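Asks: I am attaching a structure below and will ask some questions about it afterwards.
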Amino acid sequence: MADTKQVDEGTDPKQLARAERRATTLARQISAFSKAHGGAEGQVAYIGERGARIVLVGADGGWGDLVAPSRAIAEQAVEKAGITVHEAFDGDFAAKVRTGPYEWTRMAGIQVGGPSNG
């Protein structure tokens, strides 16, 4: 039978240090994105065992995302980066995203009159 012992995150000093380094790295990446796009806002979403997804939207409409190993690390990273964080990806926040031809072709092109795959 597999060992299913749950490990409390943050109890081991090595784990704490690793989490701090990861949050710092993510914060640097968020800050770089923000600088490149004239500012940024974000949203943190739980994605299961993989952790949490940080969705970033720049002031210019550019967007991207990062994955953190846990929601706590993601929240620490956005706090360190100093960006505005939204509870949900909807409404005015979602309307700020600007998509280009690539996104239309890959995500919704066929449904809205984009090039066919055939």
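So you can find residues: chains in the structure tokens are A, B, ... in the order shown, residues in each start at 1, and ligands are numbered from 1 in order.
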With only C-alpha atoms as the counted atoms, please give the residues lying no more than 9 Å from Ala74 in chain A, apart from itself and same-chain residues fewer than 5 positions off, as a ChimeraX atom specification.
Replies: /A:23,26-27,44,51-54,66-69,79
Asks: Near Leu56 in chain A, counting only C-alpha atoms, which residues have an atom at most 7 Å away, once you skip same-chain residues fewer than 6 positions from it, shown as JSON, numbers by chain?
Replies: {"A": [40, 41, 42, 43, 63, 64, 65]}
Asks: Convert the current residue selection to file output with N, CA, C and O atoms, as an mmCIF file, in the first residue's frame.
Replies:
data_model
loop_
_atom_site.group_PDB
_atom_site.id
_atom_site.type_symbol
_atom_site.label_atom_id
_atom_site.label_comp_id
_atom_site.auth_asym_id
_atom_site.auth_seq_id
_atom_site.Cartn_x
_atom_site.Cartn_y
_atom_site.Cartn_z
ATOM 1 N N ALA A 40 0.731 46.052 -14.926
ATOM 2 C CA ALA A 40 0.042 44.766 -15.031
ATOM 3 C C ALA A 40 -0.909 44.561 -13.863
ATOM 4 O O ALA A 40 -0.745 45.139 -12.791
ATOM 5 N N GLU A 41 -1.896 43.729 -14.113
ATOM 6 C CA GLU A 41 -2.829 43.257 -13.101
ATOM 7 C C GLU A 41 -2.828 41.745 -13.206
ATOM 8 O O GLU A 41 -2.409 41.188 -14.224
ATOM 9 N N GLY A 42 -3.305 41.070 -12.173
ATOM 10 C CA GLY A 42 -3.285 39.616 -12.213
ATOM 11 C C GLY A 42 -4.459 38.970 -11.515
ATOM 12 O O GLY A 42 -5.268 39.632 -10.866
ATOM 13 N N GLN A 43 -4.497 37.659 -11.648
ATOM 14 C CA GLN A 43 -5.497 36.830 -10.977
ATOM 15 C C GLN A 43 -4.847 35.497 -10.685
ATOM 16 O O GLN A 43 -4.124 34.949 -11.532
ATOM 17 N N TRP A 63 -0.920 39.696 -22.577
ATOM 18 C CA TRP A 63 -1.207 38.798 -21.457
ATOM 19 C C TRP A 63 -0.266 37.612 -21.445
ATOM 20 O O TRP A 63 0.400 37.310 -22.424
ATOM 21 N N GLY A 64 -0.216 36.968 -20.300
ATOM 22 C CA GLY A 64 0.613 35.791 -20.129
ATOM 23 C C GLY A 64 0.262 35.124 -18.816
ATOM 24 O O GLY A 64 -0.604 35.600 -18.081
ATOM 25 N N ASP A 65 0.914 34.033 -18.535
ATOM 26 C CA ASP A 65 0.655 33.372 -17.264
ATOM 27 C C ASP A 65 1.899 32.660 -16.758
ATOM 28 O O ASP A 65 2.840 32.407 -17.503
#
Asks: Please identify which residues in chain A DSSP calls helix (DSSP H, G or I) from the backbone, and express them as a PyMOL selection string.
Replies: chain A and resi 13-36+48-50+71-81+91-95+101-108
